[in-house]
$ cat work37.cif   # mmCIF, C-alpha atoms and all ligand atoms
data_query
#
loop_
_atom_site.label_atom_id
_atom_site.label_comp_id
_atom_site.auth_asym_id
_atom_site.auth_seq_id
_atom_site.Cartn_x
_atom_site.Cartn_y
_atom_site.Cartn_z
CA MET A 1 -17.77 -14.38 -4.42
CA LYS A 2 -14.82 -15.15 -2.16
CA ILE A 3 -11.69 -13.00 -2.29
CA LEU A 4 -8.43 -13.70 -0.45
CA VAL A 5 -6.72 -10.64 0.98
CA THR A 6 -3.17 -11.45 2.12
CA GLY A 7 -1.83 -8.99 4.68
CA GLY A 8 -5.45 -7.95 5.12
CA LEU A 9 -4.96 -6.77 8.70
CA GLY A 10 -2.35 -4.22 7.63
CA PHE A 11 -2.83 -0.56 6.77
CA ILE A 12 -3.93 -0.74 3.13
CA GLY A 13 -5.27 -4.29 3.38
CA SER A 14 -7.77 -3.50 6.15
CA HIS A 15 -9.19 -0.52 4.25
CA THR A 16 -9.50 -2.67 1.14
CA VAL A 17 -11.36 -5.38 3.08
CA VAL A 18 -13.92 -2.74 4.11
CA GLU A 19 -14.40 -1.56 0.51
CA LEU A 20 -14.70 -5.16 -0.74
CA GLN A 21 -17.38 -5.88 1.87
CA ASN A 22 -19.16 -2.63 1.00
CA GLU A 23 -19.38 -3.97 -2.57
CA GLY A 24 -20.77 -7.34 -1.46
CA PHE A 25 -17.64 -9.51 -1.73
CA GLU A 26 -16.99 -12.27 0.80
CA VAL A 27 -13.47 -11.84 2.17
CA ILE A 28 -10.99 -14.20 3.78
CA ILE A 29 -7.89 -12.61 5.31
CA VAL A 30 -4.56 -14.31 5.91
CA ASP A 31 -1.92 -12.49 7.89
CA ASN A 32 0.97 -13.56 10.12
CA LEU A 33 0.47 -10.52 12.39
CA SER A 34 4.14 -9.51 11.92
CA ASN A 35 3.04 -5.89 11.44
CA SER A 36 -0.58 -5.89 12.58
CA SER A 37 -2.98 -7.10 15.21
CA GLU A 38 -6.13 -9.23 15.35
CA LYS A 39 -7.89 -6.21 16.88
CA VAL A 40 -8.12 -4.79 13.37
CA LEU A 41 -10.87 -7.37 12.75
CA ASP A 42 -13.02 -5.58 15.34
CA GLY A 43 -12.41 -2.23 13.62
CA ILE A 44 -13.51 -3.72 10.30
CA GLU A 45 -16.59 -5.26 11.91
CA ASN A 46 -17.50 -1.94 13.55
CA ILE A 47 -17.57 -0.34 10.09
CA THR A 48 -19.21 -3.02 7.95
CA GLY A 49 -21.04 -5.12 10.54
CA ILE A 50 -19.34 -8.22 9.12
CA LYS A 51 -17.19 -10.68 11.06
CA THR A 52 -14.42 -11.36 8.56
CA GLU A 53 -13.02 -14.86 8.14
CA PHE A 54 -9.38 -14.84 9.23
CA GLU A 55 -6.56 -17.39 9.26
CA LYS A 56 -3.27 -16.67 10.94
CA LEU A 57 -0.80 -17.91 8.38
CA ASP A 58 2.80 -17.14 7.52
CA LEU A 59 3.01 -17.18 3.74
CA ARG A 60 6.71 -18.05 3.96
CA GLU A 61 5.60 -21.56 4.96
CA LYS A 62 5.17 -23.20 1.58
CA ASN A 63 3.31 -26.31 2.81
CA ALA A 64 0.91 -24.19 4.83
CA VAL A 65 0.19 -22.07 1.74
CA THR A 66 -0.56 -25.20 -0.32
CA SER A 67 -2.81 -26.56 2.41
CA PHE A 68 -4.63 -23.23 2.65
CA PHE A 69 -5.41 -23.10 -1.08
CA ASP A 70 -6.41 -26.80 -1.08
CA ARG A 71 -8.96 -26.01 1.64
CA HIS A 72 -10.25 -22.91 -0.16
CA GLN A 73 -11.00 -23.94 -3.74
CA ASP A 74 -13.73 -21.30 -3.91
CA ILE A 75 -11.38 -18.29 -3.90
CA LYS A 76 -11.99 -16.29 -7.10
CA GLY A 77 -9.43 -13.55 -6.66
CA VAL A 78 -6.38 -12.67 -4.58
CA ILE A 79 -5.24 -9.23 -3.47
CA HIS A 80 -1.68 -9.67 -2.27
CA PHE A 81 -0.59 -7.06 0.27
CA ALA A 82 1.53 -9.27 2.55
CA ALA A 83 5.11 -7.99 2.51
CA SER A 84 7.65 -6.23 4.67
CA LYS A 85 7.89 -2.55 3.79
CA ALA A 86 10.53 -0.71 5.82
CA VAL A 87 13.14 0.60 3.38
CA GLY A 88 15.86 1.13 6.03
CA GLU A 89 15.37 -2.33 7.53
CA SER A 90 15.63 -3.86 4.06
CA VAL A 91 19.08 -2.29 3.64
CA GLU A 92 20.19 -3.77 6.97
CA ASN A 93 18.64 -7.19 6.38
CA PRO A 94 18.18 -7.77 2.65
CA LEU A 95 17.56 -11.51 2.90
CA LEU A 96 14.63 -10.98 5.25
CA TYR A 97 13.07 -8.84 2.52
CA TYR A 98 13.85 -11.19 -0.36
CA GLU A 99 12.51 -14.11 1.68
CA ASN A 100 9.34 -12.39 2.80
CA ASN A 101 8.45 -10.40 -0.29
CA ILE A 102 9.59 -12.83 -2.98
CA ASN A 103 9.02 -16.29 -1.46
CA THR A 104 5.50 -15.44 -0.34
CA LEU A 105 4.66 -14.15 -3.83
CA VAL A 106 6.09 -17.27 -5.48
CA TYR A 107 4.21 -19.63 -3.17
CA VAL A 108 0.89 -17.89 -3.76
CA LEU A 109 1.42 -17.83 -7.54
CA GLN A 110 2.40 -21.52 -7.52
CA GLU A 111 -1.00 -22.33 -6.07
CA LEU A 112 -2.88 -20.00 -8.43
CA GLN A 113 -1.08 -21.48 -11.41
CA LYS A 114 -2.78 -24.82 -10.69
CA ARG A 115 -6.23 -23.29 -11.23
CA ASP A 116 -8.24 -22.85 -14.41
CA GLU A 117 -8.78 -19.20 -13.64
CA ALA A 118 -6.89 -16.88 -11.33
CA ASN A 119 -7.17 -13.14 -10.74
CA PHE A 120 -4.31 -11.51 -8.92
CA ILE A 121 -3.79 -7.92 -7.73
CA PHE A 122 -0.27 -6.95 -6.69
CA SER A 123 0.85 -4.07 -4.45
CA SER A 124 3.72 -2.34 -6.17
CA SER A 125 5.16 1.08 -5.59
CA CYS A 126 6.20 4.28 -7.33
CA THR A 127 9.70 3.50 -6.00
CA VAL A 128 10.16 1.46 -9.19
CA TYR A 129 10.53 4.76 -11.09
CA GLY A 130 13.33 6.10 -8.84
CA GLN A 131 13.86 9.79 -9.65
CA ALA A 132 11.93 9.90 -12.91
CA GLU A 133 13.18 12.31 -15.55
CA LYS A 134 9.76 13.83 -16.28
CA MET A 135 6.87 14.78 -13.99
CA PRO A 136 4.14 13.70 -13.72
CA ILE A 137 5.16 10.06 -13.96
CA THR A 138 3.35 7.89 -16.51
CA GLU A 139 3.29 4.09 -16.44
CA ASP A 140 5.66 4.14 -19.45
CA SER A 141 8.37 5.94 -17.50
CA ALA A 142 11.52 3.86 -17.21
CA VAL A 143 11.90 1.51 -14.27
CA GLN A 144 15.21 2.44 -12.70
CA ALA A 145 17.73 0.44 -10.70
CA ALA A 146 16.21 0.02 -7.24
CA MET A 147 17.71 2.07 -4.43
CA SER A 148 16.96 -0.52 -1.72
CA PRO A 149 16.33 -4.26 -1.38
CA TYR A 150 12.69 -3.36 -0.56
CA GLY A 151 12.33 -1.45 -3.84
CA ASN A 152 14.04 -4.31 -5.65
CA THR A 153 11.49 -6.81 -4.31
CA LYS A 154 8.73 -4.76 -5.96
CA GLN A 155 10.57 -4.70 -9.30
CA ILE A 156 11.35 -8.42 -9.14
CA GLY A 157 7.75 -9.09 -8.06
CA GLU A 158 6.43 -7.30 -11.14
CA GLU A 159 8.79 -9.30 -13.39
CA ILE A 160 7.78 -12.61 -11.81
CA ILE A 161 4.09 -11.85 -12.36
CA THR A 162 4.65 -10.84 -15.99
CA GLU A 163 6.58 -14.03 -16.75
CA VAL A 164 4.17 -16.36 -14.94
CA ALA A 165 1.11 -14.76 -16.59
CA LYS A 166 2.59 -15.57 -20.03
CA VAL A 167 2.53 -19.31 -19.32
CA SER A 168 -0.43 -19.75 -16.98
CA PRO A 169 -4.11 -18.79 -16.62
CA ILE A 170 -3.15 -16.08 -14.14
CA LYS A 171 -4.37 -12.56 -14.98
CA SER A 172 -3.00 -9.71 -12.96
CA ILE A 173 -3.23 -6.01 -12.27
CA VAL A 174 -0.14 -4.38 -10.82
CA LEU A 175 -0.90 -1.24 -8.81
CA ARG A 176 1.93 1.21 -8.27
CA TYR A 177 1.02 3.25 -5.20
CA PHE A 178 2.36 6.73 -4.64
CA ASN A 179 2.22 7.79 -0.94
CA PRO A 180 -0.75 6.29 0.90
CA ILE A 181 -1.84 8.28 3.96
CA GLY A 182 -4.90 8.85 6.14
CA ALA A 183 -7.34 6.53 7.83
CA HIS A 184 -10.94 5.43 7.54
CA PRO A 185 -13.19 8.46 8.31
CA SER A 186 -14.81 6.45 11.14
CA ALA A 187 -11.36 6.21 12.84
CA GLU A 188 -12.06 2.50 13.38
CA ILE A 189 -9.00 1.48 11.33
CA GLY A 190 -5.82 3.30 10.31
CA GLU A 191 -2.05 3.07 10.14
CA LEU A 192 -0.18 1.52 13.08
CA PRO A 193 3.53 2.13 12.48
CA LEU A 194 5.85 0.06 14.66
CA GLY A 195 8.53 2.17 16.35
CA ILE A 196 9.68 5.45 14.85
CA PRO A 197 7.66 6.20 11.70
CA GLN A 198 9.65 6.39 8.46
CA ASN A 199 6.90 8.26 6.66
CA LEU A 200 6.00 11.93 6.93
CA VAL A 201 2.33 11.86 7.94
CA PRO A 202 2.52 9.40 10.88
CA PHE A 203 5.55 11.37 12.09
CA ILE A 204 3.53 14.60 11.89
CA THR A 205 0.56 13.18 13.81
CA GLN A 206 2.79 11.54 16.44
CA THR A 207 4.61 14.86 16.92
CA ALA A 208 1.35 16.77 17.19
CA ILE A 209 0.01 14.35 19.81
CA GLY A 210 3.24 14.68 21.83
CA LEU A 211 4.70 11.22 21.23
CA ARG A 212 7.67 12.70 19.31
CA GLU A 213 9.31 15.94 20.32
CA GLN A 214 10.09 17.32 16.92
CA LEU A 215 9.61 16.54 13.24
CA SER A 216 12.76 16.61 11.11
CA VAL A 217 12.30 17.98 7.60
CA TYR A 218 15.03 16.35 5.55
CA GLY A 219 16.45 19.08 3.35
CA ASN A 220 15.20 22.46 2.11
CA ASP A 221 17.69 22.76 -0.70
CA TYR A 222 15.97 20.56 -3.26
CA PRO A 223 15.24 22.14 -6.66
CA THR A 224 11.54 22.62 -5.82
CA PRO A 225 9.59 25.88 -5.24
CA ASP A 226 10.07 25.84 -1.43
CA GLY A 227 13.16 23.61 -1.38
CA THR A 228 11.50 20.61 0.27
CA ALA A 229 10.82 17.28 -1.42
CA ILE A 230 7.59 16.69 -3.32
CA ARG A 231 5.38 13.58 -3.15
CA ASP A 232 1.89 12.53 -4.22
CA TYR A 233 -0.16 11.79 -1.09
CA ILE A 234 -3.16 9.56 -1.70
CA HIS A 235 -5.96 8.85 0.77
CA VAL A 236 -5.93 5.17 1.76
CA VAL A 237 -9.70 4.87 1.21
CA ASP A 238 -9.33 6.09 -2.39
CA LEU A 239 -6.50 3.60 -2.81
CA ALA A 240 -8.62 0.79 -1.34
CA LYS A 241 -11.45 1.55 -3.78
CA ALA A 242 -9.04 1.22 -6.70
CA HIS A 243 -8.37 -2.39 -5.65
CA VAL A 244 -12.06 -3.25 -5.82
CA ILE A 245 -12.35 -1.67 -9.29
CA ALA A 246 -9.23 -3.52 -10.46
CA LEU A 247 -10.54 -6.81 -9.10
CA LYS A 248 -13.90 -6.38 -10.86
CA ARG A 249 -12.06 -5.60 -14.09
CA LEU A 250 -10.29 -8.97 -13.89
CA LEU A 251 -13.36 -10.91 -12.73
CA GLU A 252 -15.38 -9.46 -15.64
CA ASN A 253 -12.53 -10.16 -18.11
CA LYS A 254 -12.35 -6.50 -19.04
CA ASN A 255 -8.57 -6.41 -18.87
CA LEU A 256 -6.87 -5.69 -22.21
CA GLU A 257 -3.64 -7.52 -21.37
CA LYS A 258 -2.69 -10.47 -19.15
CA VAL A 259 -0.87 -8.04 -16.88
CA GLU A 260 -1.91 -4.40 -16.65
CA THR A 261 -0.13 -1.74 -14.63
CA PHE A 262 -1.66 1.41 -13.16
CA ASN A 263 -0.32 4.33 -11.17
CA LEU A 264 -2.41 5.14 -8.11
CA GLY A 265 -1.93 8.71 -7.00
CA THR A 266 -3.80 11.99 -7.00
CA GLY A 267 -1.74 13.55 -9.78
CA LYS A 268 -0.86 16.44 -7.50
CA GLY A 269 2.52 16.87 -5.87
CA SER A 270 2.79 18.40 -2.39
CA SER A 271 5.99 19.55 -0.74
CA VAL A 272 6.84 18.65 2.86
CA LEU A 273 6.20 22.23 3.93
CA GLU A 274 2.85 22.27 2.15
CA VAL A 275 1.84 19.12 4.01
CA ILE A 276 2.92 20.65 7.32
CA ASN A 277 0.95 23.85 6.58
CA ALA A 278 -2.13 21.87 5.60
CA PHE A 279 -1.86 19.79 8.77
CA GLU A 280 -1.52 22.90 10.96
CA LYS A 281 -4.74 24.25 9.44
CA VAL A 282 -6.63 20.99 9.85
CA ALA A 283 -5.46 20.36 13.43
CA GLN A 284 -5.48 24.06 14.34
CA GLN A 285 -2.14 23.82 16.04
CA LYS A 286 1.48 24.65 15.28
CA LEU A 287 3.82 21.77 14.63
CA ASN A 288 7.30 21.65 16.13
CA TYR A 289 9.65 20.98 13.22
CA LYS A 290 13.17 21.79 12.14
CA ILE A 291 15.02 21.63 8.85
CA VAL A 292 17.88 19.12 8.87
CA ASP A 293 20.19 17.69 6.19
CA ARG A 294 18.81 15.64 3.35
CA ARG A 295 18.25 11.95 4.10
CA GLU A 296 20.24 9.51 1.98
CA GLY A 297 18.21 7.82 -0.71
CA ASP A 298 15.40 10.43 -0.79
CA ILE A 299 14.50 11.69 -4.24
CA THR A 300 13.44 15.24 -5.12
CA SER A 301 10.03 14.74 -6.57
CA ALA A 302 7.50 12.05 -7.49
CA TYR A 303 3.90 12.52 -8.51
CA ALA A 304 1.66 10.49 -10.75
CA ASN A 305 0.19 10.99 -14.14
CA THR A 306 -3.19 9.41 -13.43
CA ASP A 307 -4.63 9.47 -16.99
CA LYS A 308 -4.42 5.69 -17.43
CA ALA A 309 -6.03 4.97 -14.06
CA ASN A 310 -8.74 7.57 -14.77
CA THR A 311 -9.63 6.52 -18.29
CA VAL A 312 -8.75 2.83 -18.58
CA LEU A 313 -9.36 1.63 -15.02
CA GLY A 314 -12.14 4.16 -14.42
CA TRP A 315 -10.86 5.28 -11.04
CA LYS A 316 -10.02 8.71 -9.69
CA ALA A 317 -8.84 9.85 -6.27
CA GLU A 318 -11.60 11.89 -4.66
CA SER A 319 -10.16 13.11 -1.35
CA THR A 320 -8.10 16.24 -0.86
CA LEU A 321 -4.85 16.43 1.08
CA GLU A 322 -6.82 18.13 3.89
CA ASP A 323 -9.33 15.22 3.99
CA SER A 324 -6.47 12.74 4.27
CA LEU A 325 -4.67 14.69 6.99
CA SER A 326 -7.85 15.26 8.92
CA SER A 327 -8.62 11.50 8.96
CA ALA A 328 -5.03 10.69 9.97
CA TRP A 329 -5.28 13.19 12.83
CA LYS A 330 -8.65 11.84 13.99
CA TRP A 331 -7.16 8.32 14.02
CA GLU A 332 -4.05 9.39 15.93
CA GLN A 333 -6.20 11.10 18.56
CA LYS A 334 -8.41 8.03 18.89
CA ILE A 335 -5.57 5.51 19.37
CA ARG A 336 -3.82 7.67 21.98
CA SER A 337 -6.99 8.45 23.96
P1 LIG A 401 1.41 -3.24 6.42
O1 LIG A 401 2.70 -3.67 7.01
O2 LIG A 401 0.51 -2.39 7.23
O3 LIG A 401 0.59 -4.52 5.93
C1 LIG A 401 1.22 -5.71 5.48
C2 LIG A 401 0.56 -6.87 6.21
O4 LIG A 401 1.16 -8.08 5.75
C3 LIG A 401 0.78 -6.82 7.73
O5 LIG A 401 -0.47 -6.99 8.38
C4 LIG A 401 1.72 -7.99 8.02
O6 LIG A 401 1.48 -8.56 9.28
C5 LIG A 401 1.41 -8.93 6.87
N1 LIG A 401 2.49 -9.83 6.49
C6 LIG A 401 3.80 -9.52 6.27
N2 LIG A 401 4.49 -10.62 5.96
C7 LIG A 401 3.61 -11.67 5.97
C8 LIG A 401 3.74 -13.08 5.75
N3 LIG A 401 4.91 -13.64 5.48
N4 LIG A 401 2.64 -13.84 5.84
C9 LIG A 401 1.42 -13.28 6.14
N5 LIG A 401 1.25 -11.97 6.38
C10 LIG A 401 2.34 -11.16 6.29
O7 LIG A 401 1.76 -2.53 5.03
P2 LIG A 401 0.84 -1.64 4.09
O8 LIG A 401 1.29 -0.24 4.20
O9 LIG A 401 -0.58 -1.98 4.27
O10 LIG A 401 1.35 -2.16 2.66
C11 LIG A 401 0.68 -3.19 1.96
C12 LIG A 401 1.44 -3.49 0.68
O11 LIG A 401 1.56 -2.30 -0.08
C13 LIG A 401 2.86 -4.00 0.90
O12 LIG A 401 3.12 -4.95 -0.10
C14 LIG A 401 3.69 -2.77 0.68
O13 LIG A 401 4.99 -3.07 0.25
C15 LIG A 401 2.91 -2.05 -0.41
N6 LIG A 401 3.14 -0.61 -0.47
C16 LIG A 401 2.94 0.15 0.64
C17 LIG A 401 3.18 1.52 0.60
C18 LIG A 401 2.98 2.39 1.84
O14 LIG A 401 3.51 3.49 1.86
N7 LIG A 401 2.27 1.95 2.86
C19 LIG A 401 3.61 2.11 -0.59
C20 LIG A 401 3.78 1.31 -1.72
C21 LIG A 401 3.54 -0.05 -1.64
#

$ encode --input "work37.cif" --output "structure tokens"
Amino acid sequence: MKILVTGGLGFIGSHTVVELQNEGFEVIIVDNLSNSSEKVLDGIENITGIKTEFEKLDLREKNAVTSFFDRHQDIKGVIHFAASKAVGESVENPLLYYENNINTLVYVLQELQKRDEANFIFSSSCTVYGQAEKMPITEDSAVQAAMSPYGNTKQIGEEIITEVAKVSPIKSIVLRYFNPIGAHPSAEIGELPLGIPQNLVPFITQTAIGLREQLSVYGNDYPTPDGTAIRDYIHVVDLAKAHVIALKRLLENKNLEKVETFNLGTGKGSSVLEVINAFEKVAQQKLNYKIVDRREGDITSAYANTDKANTVLGWKAESTLEDSLSSAWKWEQKIRS
């Protein structure tokens, strides 16, 4: 059964391709390489032994998207990762984000709408909840006004899917990720942030390896036990497995609604200082960090209520924070060696 993975050479996409292949799916990747490299195909092959079909394609090119789907009538499901994801860049260049994250989604859905059956998995984010009033965050928590154009593209994307599903054969599962971290335990694939990392864990590993001098901890005056901000860090392999389970649910028509939404997190919140301490234990070295002012736009706390994912989807995160950090560290050491 052939599955299209858009953005399949990226961080989460590449790990999902591996899990799909482990479960016997045939995968075709499209990616424009704007935030990835063709070398990722070798990493995937080293893990699964499979040479994955790949087409370099920019999903902003509407005619090319139509031609792609015309040539691949046998695609049974689409996992749509392709998007730009840097929050700061989206504030500086909103139209780039609306063009890339919205147009690509619309073009793919336009093609799927023509089919008798279409199964579509969408990468959304816990950013849709903003600073939720109650922790842990359930799927019923209010969606709040987005704090960045990037966050807005996820909210608009969810709305587009809901509206299109009402009037077309498209069935969809929307996955709201908390904070994906880590790498494949083989260290064959992992995260490759361009430039200065915006996220905590790549910044930690790059500091530990000596690429960055010091890690800035943004604020220790939040209303949390140690004053630093709390997030729900989920191992990328656990996250990848959730996509395969969600896809099977759609393919087997087990979904209860045309569009279902699930939180993907561990259910456990960790503060920045807890993550640093756990990393120091795993890597057996001290990390050079300093406390600086809060960063604009950062919220205090976000962690998932995972009951719906556990009971309805039948998925549960298995890895610990230490497992995730240890795989991220192994990957960082491998790519710098
Ligand atoms: P990533 O940048 O590593 O992967 C995205 C891939 O899409 C890249 O390989 C990029 O080259 C490709 N791409 C971008 N625009 C494209 C286009 N127009 N045509 C074809 N390919 C294109 O990002 P990721 O971390 O793997 O994230 C995957 C998805 O998950 C994104 O939609 C992202 O917004 C979402 N998400 C990520 C996080 C996170 O923290 N990583 C959190 C929540 C949601």

$ axis_aligned_box --input "work37.cif" --around "ligand LIG 401 (chain A)" --padding-each-side "4 Å" --output "lines of an AutoDock Vina configuration file"
center_x = 2.2
center_y = -5.2
center_z = 3.8
size_x = 13.6
size_y = 25.3
size_z = 19.0

$ atom_distance --input "work37.cif" --atom1 "atom C11 of ligand LIG 401 (chain A)" --atom2 "atom CA of Ser125 of chain A"
9.8 Å

$ closest_atom_pairs --input "work37.cif" --of "segment 185-216 of chain A" --to "segment 15-37 of chain A" --cutoff "12 Å" --atoms "all atoms listed in the file" --output "Markdown table"
| residue | atom | partner | partner_atom | distance |
| --- | --- | --- | --- | --- |
| A:Pro185 | CA | A:His15 | CA | 10.6 |
| A:Ser186 | CA | A:His15 | CA | 11.3 |
| A:Ala187 | CA | A:His15 | CA | 11.1 |
| A:Glu188 | CA | A:His15 | CA | 10.0 |
| A:Ile189 | CA | A:His15 | CA | 7.4 |
| A:Gly190 | CA | A:His15 | CA | 7.9 |
| A:Glu191 | CA | A:Ser36 | CA | 9.4 |
| A:Leu192 | CA | A:Ser36 | CA | 7.4 |
| A:Pro193 | CA | A:Asn35 | CA | 8.1 |
| A:Leu194 | CA | A:Asn35 | CA | 7.3 |
| A:Gly195 | CA | A:Asn35 | CA | 10.9 |

$ closest_residue --input "work37.cif" --among "A:Gln113, A:Thr48, A:Thr153, A:Asn119" --to "ligand LIG 401 (chain A)" --atoms "all atoms listed in the file"
A:Thr153

$ residues_near_ligand --input "work37.cif" --ligand "ligand LIG 401 (chain A)" --cutoff "7 Å" --atoms "all atoms listed in the file" --output "NGL selection string"
:A and (6-13 or 30-36 or 57-60 or 81-85 or 100 or 104 or 123-126 or 176-180 or 191)

$ atom_distance --input "work37.cif" --atom1 "atom CA of Ala118 of chain A" --atom2 "atom CA of Val78 of chain A"
8.0 Å

$ residues_around --input "work37.cif" --residues "segment 292-300 of chain A" --least-positions-apart "2" --cutoff "10 Å" --atoms "all atoms listed in the file" --output "MDAnalysis selection string"
chainID A and resid 87:88 127 130:132 147:148 215:224 227:231 271 289:290 302

$ write_last_selection --input "work37.cif" --atoms "C-alpha atoms" --output "short mmCIF file (atom, residue, chain, number, x, y, z; two decimals), keeping the file's coordinate frame"
data_model
loop_
_atom_site.label_atom_id
_atom_site.label_comp_id
_atom_site.auth_asym_id
_atom_site.auth_seq_id
_atom_site.Cartn_x
_atom_site.Cartn_y
_atom_site.Cartn_z
CA VAL A 87 13.14 0.60 3.38
CA GLY A 88 15.86 1.13 6.03
CA THR A 127 9.70 3.50 -6.00
CA GLY A 130 13.33 6.10 -8.84
CA GLN A 131 13.86 9.79 -9.65
CA ALA A 132 11.93 9.90 -12.91
CA MET A 147 17.71 2.07 -4.43
CA SER A 148 16.96 -0.52 -1.72
CA LEU A 215 9.61 16.54 13.24
CA SER A 216 12.76 16.61 11.11
CA VAL A 217 12.30 17.98 7.60
CA TYR A 218 15.03 16.35 5.55
CA GLY A 219 16.45 19.08 3.35
CA ASN A 220 15.20 22.46 2.11
CA ASP A 221 17.69 22.76 -0.70
CA TYR A 222 15.97 20.56 -3.26
CA PRO A 223 15.24 22.14 -6.66
CA THR A 224 11.54 22.62 -5.82
CA GLY A 227 13.16 23.61 -1.38
CA THR A 228 11.50 20.61 0.27
CA ALA A 229 10.82 17.28 -1.42
CA ILE A 230 7.59 16.69 -3.32
CA ARG A 231 5.38 13.58 -3.15
CA SER A 271 5.99 19.55 -0.74
CA TYR A 289 9.65 20.98 13.22
CA LYS A 290 13.17 21.79 12.14
CA ALA A 302 7.50 12.05 -7.49
#

$ closest_atom_pairs --input "work37.cif" --of "segment 258-299 of chain A" --to "segment 154-168 of chain A" --cutoff "12 Å" --atoms "all atoms listed in the file" --output "tab-separated table"
residue	atom	partner	partner_atom	distance
A:Lys258	CA	A:Ala165	CA	6.3
A:Val259	CA	A:Thr162	CA	6.3
A:Glu260	CA	A:Thr162	CA	9.2
A:Thr261	CA	A:Glu158	CA	9.3

$ atom_distance --input "work37.cif" --atom1 "atom CA of Tyr303 of chain A" --atom2 "atom CA of Gly267 of chain A"
5.9 Å

$ closest_residue --input "work37.cif" --among "A:Ala86, A:Ile245, A:Ala304, A:Val312" --to "Ile196 of chain A" --atoms "all atoms listed in the file"
A:Ala86

$ closest_residue --input "work37.cif" --among "A:Glu61, A:Glu89, A:Glu318, A:Asp74" --to "Asp116 of chain A" --atoms "all atoms listed in the file"
A:Asp74

$ residues_around --input "work37.cif" --residues "Thr138 of chain A" --least-positions-apart "4" --cutoff "10 Å" --atoms "all atoms listed in the file" --output "CSV table (one decimal) with C-alpha atoms, keeping the file's coordinate frame"
chain,number,residue,atom,x,y,z
A,129,TYR,CA,10.5,4.8,-11.1
A,132,ALA,CA,11.9,9.9,-12.9
A,134,LYS,CA,9.8,13.8,-16.3
A,142,ALA,CA,11.5,3.9,-17.2
A,262,PHE,CA,-1.7,1.4,-13.2
A,263,ASN,CA,-0.3,4.3,-11.2
A,303,TYR,CA,3.9,12.5,-8.5
A,304,ALA,CA,1.7,10.5,-10.8
A,305,ASN,CA,0.2,11.0,-14.1
A,306,THR,CA,-3.2,9.4,-13.4
A,307,ASP,CA,-4.6,9.5,-17.0
A,308,LYS,CA,-4.4,5.7,-17.4

$ closest_residue --input "work37.cif" --among "A:Ser14, A:Asn199, A:Asn152, A:Thr205" --to "Gly43 of chain A" --atoms "only C-alpha atoms"
A:Ser14

$ closest_residue --input "work37.cif" --among "A:His184, A:Asn63, A:Glu274, A:Asn253" --to "Leu239 of chain A" --atoms "all atoms listed in the file"
A:His184

$ closest_residue --input "work37.cif" --among "A:Tyr150, A:Phe120, A:Ile79, A:Glu139" --to "Glu99 of chain A" --atoms "all atoms listed in the file"
A:Tyr150

$ residues_around --input "work37.cif" --residues "Lys51 of chain A" --least-positions-apart "6" --cutoff "9 Å" --atoms "all atoms listed in the file" --output "ChimeraX atom specification"
/A:41-42,44-45
